[in-house]
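One structure is given below, encoded as structure tokens.
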Amino acid sequence: MRVRFAPSPTGHLHIGGARTALFNYLLAKKHNGTFILRIEDTDEDRSTAESTRSIFESMLWLGLNWDEGAMPDNKEKGAYGPYVQSVREAQGIYRKYADQLVREGNAFHCYCSPEELEESRRKALTEKRDPVYDGRCRRLTGDQRGAFEAQGRKPVVRFMMPKDGAVGWADLVHKEMKFENKVLSDFIIQKASGYPTYNFACVIDDHLMEITHVIRGDDHISNTPLQVHLYAAFGWQVPELGHLSMILGPDGTRLSKRHGATSVGEYRTQGYLPETMRNYLALLGWSNPESQQLFKKGELEEKFDLKGCQKSPAIFDPVKLDWMNGEYIRTLSREEFVGATGPYMDQFGLNVPLSGVPRADIVALEQEKCKLLAELPAKVEFFFKDPVYDQAAVDSTLKKPEVPAILKGVKEAYCALPEFKDVQIEAATRAFAKAGGFKAGQVFHPVRVALSGRTDGPTLFKMIEYLGKEESLKRLDKALALV
RNA sequence: GCCCCCUUCGUCUAGCGGUUAGGACGCUGCCCUUUCAAGGCAGAGAUCAGGGGUUCGAAUCCCCUAGGGGGCGCCA
């Protein structure tokens with residue numbers, strides 16, 4: 001089995017592309033096949049080297065390592081190269097096959113200008129007719145061609161579509177698919193610039209690279225009949241074809257920028273783990289009979305199956321994504337978590353806590369409840385700089401008549417502590433509460449707000465320990481001044 | 001306008017002629033608990049888009065309708 005992911009480098013790798021790449025990758029792993037990365041940069045205007053670089057980076061981050069194909073720094077690996085279509089074009093690969101089709105009468109030169117085509121397309125639409133190419137250049141005489149050439153026109157090459165009959169294929173996810181030829185038009189296979197179009201280059205390369213299974217998005221369904229015609233014209237075997245359902249935004253329309261983050265890179269910077277993205281994306285349009293949600297390392301590769309692919313589109317659910325990221329964050333070792341959060345802490349300059357304890361100790365306090373790495377700095381900031389008192393917390397917790405006495409008492413108790421560790425702090429706090437006739441929570445809550453400025457936070461006595469004696473006493477005074 | 005695809009809890013989905021229509025996220029309640037999470041338990045939530053058939057029996061098979069999505073580029 002040989003499968004490929006063939007992005008066009010006109011932007012970052014987005015969620016839909018990543019899902020397609022993932023499914024191809026999983027399929028290859030499952031069947032011990034080869035996963036190929038081919039760059040389809042036949043859009044001369046929009047393709048950029050920066051996009052290619054960005055796509056590589058996202059693929060690698062997701063762990064979708066490919067066995068063959070284009071590689072960073074203009075390198076490649078594999079015996080079926082080159083794997084970049086612009087490079088293949090420069091070698092004349094596509095022209096050779098386009099010439100063959102013309103020679104054999106399956107394609108023809110068309111001299112219509114883009115403007116002329118656009119005009120007849122618009123006219124057809126306003127007259128509520130199908131905007132299909134009318135075949136006007138199909139049978140040009142030598143004189144007519146000469147006249148066009150004399151005008152300086154450069155022809156495109158069009159495929160000669162049969163007027164009757166139909167094409168079809170047994171789609172791996174949709175089952176039988178069929179299109180009447182009469183609704184298909186003489187599509188362009190080679191642009192005036194000599195570059196191949198997507199539909200043409202794709203077929204030539206899939207054949208030459210001996211791709212056995214083409215798995216791509218549903219948005220390619222209407223291209224498929226054209227491609228099937230091409231395979232037939234060359235007498236080539238059509239690979240297995242499968243079309244994955246689209247990924248939609250929460251409002252049911254195609255996922256786009258207005259739904260929020262759409263590129264893999266954006267999710268990365270927000271602090272989602274690659275494992276989360278792989279697992280979540282796998283569940284969009286695929287499931288196994290057990291409706292299993294979480295997959296251990298290597299388990300997806302083992303369990304993935306095209307049979308579990310959904311035909312209907314799936315709506316991307318950021319809430320479930322967050323839940324899943326929390327699940328994966330909890331599976332990280334303390335060291336992994338600390339390492340992963342490092343850049344986020346650095347970004348806010350949270351390097352050395354006021355008490356001087358290791359930053360890792362502080363960070364580790366939050367691992368259990370962290371859903372997004374990027375939200376960590378805000379949760380632990382008060383260990384590094386003066387707390388920002390949340391007004392709602394102050395009002396609800398500190399504005400009680402008994403609070404001044406409590407804070408004062410706690411301060412005295414802490415002052416007297418020879419060793420400032422969580423066990424001693426807890427004992428002292430409880431002893432004070434008992435002596436003063438307070439319920440534990442009655443004391444704990446104001447102390448938390450006084451020290452951190454918030455009602456939520458890490459486990460209290462570890463928090464106080466890591467804050468340090470000096471800083472804790474200082475903040476108790478500060479809070480006292482507030483009430 | 002034409003072509004194609006899709007339709008089970010709010011969302012992701014299981015189901016493949018006979019099920020109390022199952023799971024997950026989210027939601028509600030309880031337990032745990034110094035807070036927030038996490039965890040445990042319990043619960044609400046789908047007359048299977050609607051309408052016709054076929055059948056003893058339909059979410060499952062067929063037809064129609066509606067809604068949604070995709071495409072109709074010298075973009076991919």
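Naming scheme: A, B, ... for chains in displayed order of the structure tokens; residues 1 onward per chain; ligands 1 onward as shown.
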Interface, chain B side, toward chain A (7 Å; only C-alpha atoms (C1' of nucleotides)) as a ChimeraX atom specification: /B:1-4,6,11-14,23-25,34-38,70-71,74-76
Residues near A42 of chain B, cut-off 12 Å, only C-alpha atoms (C1' of nucleotides), skip fewer than 5 positions along chain, as a PyMOL selection string: chain B and resi 28-31
For Leu482 of chain A: contacts at 12 Å, only C-alpha atoms (C1' of nucleotides), fewer than 4 positions along chain excluded, given as a list of chain:residue names: A:Tyr389, A:Asp390, A:Gln391, A:Val394, A:Asp395, A:Thr397, A:Leu398, A:Lys399, A:Lys400, A:Val403, A:Pro404, A:Leu407, A:Val449, A:Ala450, A:Gly453, A:Arg475, A:Leu476, A:Asp477, A:Lys478
Could you please take those selected residues and save N, CA, C and O atoms as an mmCIF file, in the first residue's frame?
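File produced: result30.cif:
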data_model
loop_
_atom_site.group_PDB
_atom_site.id
_atom_site.type_symbol
_atom_site.label_atom_id
_atom_site.label_comp_id
_atom_site.auth_asym_id
_atom_site.auth_seq_id
_atom_site.Cartn_x
_atom_site.Cartn_y
_atom_site.Cartn_z
ATOM 1 N N TYR A 389 -5.531 41.579 43.253
ATOM 2 C CA TYR A 389 -6.715 41.156 43.996
ATOM 3 C C TYR A 389 -7.974 41.217 43.142
ATOM 4 O O TYR A 389 -8.321 42.268 42.615
ATOM 5 N N ASP A 390 -8.596 40.084 43.020
ATOM 6 C CA ASP A 390 -9.834 40.002 42.266
ATOM 7 C C ASP A 390 -10.939 40.612 43.124
ATOM 8 O O ASP A 390 -11.165 40.171 44.258
ATOM 9 N N GLN A 391 -11.595 41.619 42.596
ATOM 10 C CA GLN A 391 -12.565 42.357 43.394
ATOM 11 C C GLN A 391 -13.701 41.486 43.911
ATOM 12 O O GLN A 391 -14.113 41.595 45.054
ATOM 13 N N VAL A 394 -12.465 39.510 46.798
ATOM 14 C CA VAL A 394 -12.322 40.351 47.974
ATOM 15 C C VAL A 394 -13.686 40.583 48.613
ATOM 16 O O VAL A 394 -13.873 40.396 49.816
ATOM 17 N N ASP A 395 -14.646 40.950 47.789
ATOM 18 C CA ASP A 395 -15.988 41.228 48.296
ATOM 19 C C ASP A 395 -16.629 40.017 48.947
ATOM 20 O O ASP A 395 -17.246 40.121 50.009
ATOM 21 N N THR A 397 -15.157 37.198 50.078
ATOM 22 C CA THR A 397 -14.409 36.470 51.103
ATOM 23 C C THR A 397 -13.761 37.347 52.182
ATOM 24 O O THR A 397 -13.717 36.966 53.341
ATOM 25 N N LEU A 398 -13.273 38.486 51.783
ATOM 26 C CA LEU A 398 -12.555 39.305 52.767
ATOM 27 C C LEU A 398 -13.423 40.337 53.490
ATOM 28 O O LEU A 398 -13.052 40.830 54.541
ATOM 29 N N LYS A 399 -14.559 40.643 52.916
ATOM 30 C CA LYS A 399 -15.413 41.678 53.527
ATOM 31 C C LYS A 399 -16.348 41.107 54.584
ATOM 32 O O LYS A 399 -17.542 41.404 54.602
ATOM 33 N N LYS A 400 -15.775 40.257 55.451
ATOM 34 C CA LYS A 400 -16.595 39.704 56.528
ATOM 35 C C LYS A 400 -16.036 40.214 57.849
ATOM 36 O O LYS A 400 -14.819 40.404 57.974
ATOM 37 N N VAL A 403 -12.940 38.555 59.498
ATOM 38 C CA VAL A 403 -11.715 38.387 58.711
ATOM 39 C C VAL A 403 -10.471 39.099 59.274
ATOM 40 O O VAL A 403 -9.399 38.500 59.356
ATOM 41 N N PRO A 404 -10.589 40.356 59.693
ATOM 42 C CA PRO A 404 -9.384 41.016 60.225
ATOM 43 C C PRO A 404 -8.757 40.227 61.368
ATOM 44 O O PRO A 404 -7.539 40.029 61.402
ATOM 45 N N LEU A 407 -7.035 37.064 59.908
ATOM 46 C CA LEU A 407 -5.774 37.321 59.218
ATOM 47 C C LEU A 407 -4.665 37.687 60.217
ATOM 48 O O LEU A 407 -3.529 37.258 60.084
ATOM 49 N N VAL A 449 -7.415 34.033 49.671
ATOM 50 C CA VAL A 449 -7.621 35.269 48.920
ATOM 51 C C VAL A 449 -6.573 36.312 49.307
ATOM 52 O O VAL A 449 -6.019 37.004 48.459
ATOM 53 N N ALA A 450 -6.270 36.379 50.583
ATOM 54 C CA ALA A 450 -5.280 37.356 51.046
ATOM 55 C C ALA A 450 -3.920 37.112 50.414
ATOM 56 O O ALA A 450 -3.203 38.043 50.069
ATOM 57 N N GLY A 453 -4.984 36.530 46.023
ATOM 58 C CA GLY A 453 -5.872 37.458 45.345
ATOM 59 C C GLY A 453 -7.061 36.765 44.694
ATOM 60 O O GLY A 453 -7.914 37.417 44.119
ATOM 61 N N ARG A 475 1.945 39.763 52.547
ATOM 62 C CA ARG A 475 0.622 39.801 51.899
ATOM 63 C C ARG A 475 -0.520 39.799 52.902
ATOM 64 O O ARG A 475 -1.593 40.351 52.648
ATOM 65 N N LEU A 476 -0.285 39.147 54.031
ATOM 66 C CA LEU A 476 -1.317 39.150 55.074
ATOM 67 C C LEU A 476 -1.529 40.600 55.535
ATOM 68 O O LEU A 476 -2.657 41.039 55.719
ATOM 69 N N ASP A 477 -0.441 41.322 55.687
ATOM 70 C CA ASP A 477 -0.525 42.737 56.062
ATOM 71 C C ASP A 477 -1.247 43.548 54.994
ATOM 72 O O ASP A 477 -2.097 44.379 55.281
ATOM 73 N N LYS A 478 -0.868 43.257 53.780
ATOM 74 C CA LYS A 478 -1.451 43.976 52.655
ATOM 75 C C LYS A 478 -2.974 43.776 52.613
ATOM 76 O O LYS A 478 -3.739 44.727 52.416
#
Backbone-only DSSP, helix (DSSP H, G or I) members of segment 178-227 of chain A, as a count of residues only: 24
DSSP-assigned strand (DSSP E or B) members of segment 162-232 of chain A, reported as number ranges by chain: A: 166-171, 175-180, 188-190, 196, 213-217
Generate the output file for the selected residues, N, CA and C atoms, as a PDB file, in the first residue's frame.
ATOM      1  N   ALA A 166     -21.189   7.676 -18.852  1.00  0.00           N
ATOM      2  CA  ALA A 166     -20.996   8.128 -17.480  1.00  0.00           C
ATOM      3  C   ALA A 166     -19.709   7.540 -16.925  1.00  0.00           C
ATOM      4  N   VAL A 167     -19.211   8.163 -15.879  1.00  0.00           N
ATOM      5  CA  VAL A 167     -18.047   7.617 -15.166  1.00  0.00           C
ATOM      6  C   VAL A 167     -18.424   7.357 -13.726  1.00  0.00           C
ATOM      7  N   GLY A 168     -17.753   6.433 -13.139  1.00  0.00           N
ATOM      8  CA  GLY A 168     -18.029   6.168 -11.738  1.00  0.00           C
ATOM      9  C   GLY A 168     -16.870   5.460 -11.083  1.00  0.00           C
ATOM     10  N   TRP A 169     -16.976   5.272  -9.811  1.00  0.00           N
ATOM     11  CA  TRP A 169     -15.967   4.524  -9.069  1.00  0.00           C
ATOM     12  C   TRP A 169     -16.602   4.043  -7.775  1.00  0.00           C
ATOM     13  N   ALA A 170     -15.990   3.040  -7.202  1.00  0.00           N
ATOM     14  CA  ALA A 170     -16.475   2.520  -5.921  1.00  0.00           C
ATOM     15  C   ALA A 170     -15.697   3.223  -4.823  1.00  0.00           C
ATOM     16  N   ASP A 171     -16.287   4.247  -4.270  1.00  0.00           N
ATOM     17  CA  ASP A 171     -15.590   5.037  -3.262  1.00  0.00           C
ATOM     18  C   ASP A 171     -15.434   4.238  -1.972  1.00  0.00           C
ATOM     19  N   LYS A 175     -19.143   4.422  -1.139  1.00  0.00           N
ATOM     20  CA  LYS A 175     -19.651   3.343  -1.991  1.00  0.00           C
ATOM     21  C   LYS A 175     -19.759   3.826  -3.441  1.00  0.00           C
ATOM     22  N   GLU A 176     -20.776   3.375  -4.173  1.00  0.00           N
ATOM     23  CA  GLU A 176     -20.843   3.680  -5.601  1.00  0.00           C
ATOM     24  C   GLU A 176     -21.076   5.162  -5.891  1.00  0.00           C
ATOM     25  N   MET A 177     -20.260   5.693  -6.793  1.00  0.00           N
ATOM     26  CA  MET A 177     -20.406   7.092  -7.191  1.00  0.00           C
ATOM     27  C   MET A 177     -20.488   7.126  -8.708  1.00  0.00           C
ATOM     28  N   LYS A 178     -21.342   8.024  -9.225  1.00  0.00           N
ATOM     29  CA  LYS A 178     -21.502   8.072 -10.672  1.00  0.00           C
ATOM     30  C   LYS A 178     -21.809   9.477 -11.173  1.00  0.00           C
ATOM     31  N   PHE A 179     -21.192   9.864 -12.258  1.00  0.00           N
ATOM     32  CA  PHE A 179     -21.442  11.179 -12.883  1.00  0.00           C
ATOM     33  C   PHE A 179     -21.718  10.971 -14.363  1.00  0.00           C
ATOM     34  N   GLU A 180     -22.729  11.670 -14.884  1.00  0.00           N
ATOM     35  CA  GLU A 180     -23.010  11.637 -16.317  1.00  0.00           C
ATOM     36  C   GLU A 180     -21.953  12.491 -17.015  1.00  0.00           C
ATOM     37  N   ILE A 188      -9.394  21.883 -18.447  1.00  0.00           N
ATOM     38  CA  ILE A 188      -8.016  22.210 -18.810  1.00  0.00           C
ATOM     39  C   ILE A 188      -7.042  21.315 -18.053  1.00  0.00           C
ATOM     40  N   ILE A 189      -6.092  20.738 -18.793  1.00  0.00           N
ATOM     41  CA  ILE A 189      -5.078  19.919 -18.135  1.00  0.00           C
ATOM     42  C   ILE A 189      -3.714  20.613 -18.122  1.00  0.00           C
ATOM     43  N   GLN A 190      -3.554  21.559 -19.073  1.00  0.00           N
ATOM     44  CA  GLN A 190      -2.293  22.300 -19.090  1.00  0.00           C
ATOM     45  C   GLN A 190      -2.592  23.775 -19.330  1.00  0.00           C
ATOM     46  N   PRO A 196       0.935  22.233 -15.493  1.00  0.00           N
ATOM     47  CA  PRO A 196      -0.236  21.358 -15.455  1.00  0.00           C
ATOM     48  C   PRO A 196      -1.256  21.923 -14.467  1.00  0.00           C
ATOM     49  N   HIS A 213      -3.815   4.018  -2.896  1.00  0.00           N
ATOM     50  CA  HIS A 213      -5.046   4.507  -2.278  1.00  0.00           C
ATOM     51  C   HIS A 213      -5.002   6.023  -2.166  1.00  0.00           C
ATOM     52  N   VAL A 214      -5.980   6.670  -2.754  1.00  0.00           N
ATOM     53  CA  VAL A 214      -6.055   8.125  -2.683  1.00  0.00           C
ATOM     54  C   VAL A 214      -7.143   8.492  -1.676  1.00  0.00           C
ATOM     55  N   ILE A 215      -6.725   9.025  -0.538  1.00  0.00           N
ATOM     56  CA  ILE A 215      -7.681   9.416   0.496  1.00  0.00           C
ATOM     57  C   ILE A 215      -7.595  10.931   0.630  1.00  0.00           C
ATOM     58  N   ARG A 216      -8.692  11.602   0.362  1.00  0.00           N
ATOM     59  CA  ARG A 216      -8.693  13.059   0.396  1.00  0.00           C
ATOM     60  C   ARG A 216     -10.048  13.566   0.863  1.00  0.00           C
ATOM     61  N   GLY A 217     -10.221  14.865   0.904  1.00  0.00           N
ATOM     62  CA  GLY A 217     -11.466  15.435   1.396  1.00  0.00           C
ATOM     63  C   GLY A 217     -12.612  15.355   0.398  1.00  0.00           C
TER      64      GLY A 217
END
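Using only C-alpha atoms (C1' of nucleotides), the residues found no farther than 12 Å from G45 of chain B, other than those of its own chain fewer than 4 positions away, are C9, G10, G26, C27 and U28 of chain B.
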Closest of B:C5, B:A46, B:A59, B:C72 to U19 of chain B - atom-to-atom distances counting only C-alpha atoms (C1' of nucleotides):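 Result for the nearest residue to U19 of chain B: B:A59.
The list of residues with at least one atom within 9 Å of segment 88-101 of chain A, based on only C-alpha atoms (C1' of nucleotides) and without residues fewer than 3 positions apart in the same chain, reads Thr42, Gly81, Pro82, Tyr83, Val84, Gln85, Glu104, Gly105, Asn106, Ala107, Phe108, Val157, Phe159, Ile189, Gln190, Gly194, Tyr195, Pro196, Phe200, Ala201, Ile204, Asp205, Ala233 and Phe234 of chain A.
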Nearby residues (only C-alpha atoms (C1' of nucleotides)) at most 8 Å from Gly271 of chain A, same-chain spacing under 6 positions excluded, as a VMD selection string: chain A and resid 372 to 374
Among the residues B:G73, B:U8, B:G18, B:C63, the one that comes closest to G51 of chain B [using only C-alpha atoms (C1' of nucleotides)]: B:C63
Who sits within 12 Å of U55 of chain B, only C-alpha atoms (C1' of nucleotides), same chain under 3 positions skipped, as a list in words: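 The contact residues come out as G17, G18, A58, C61 and C62 of chain B.
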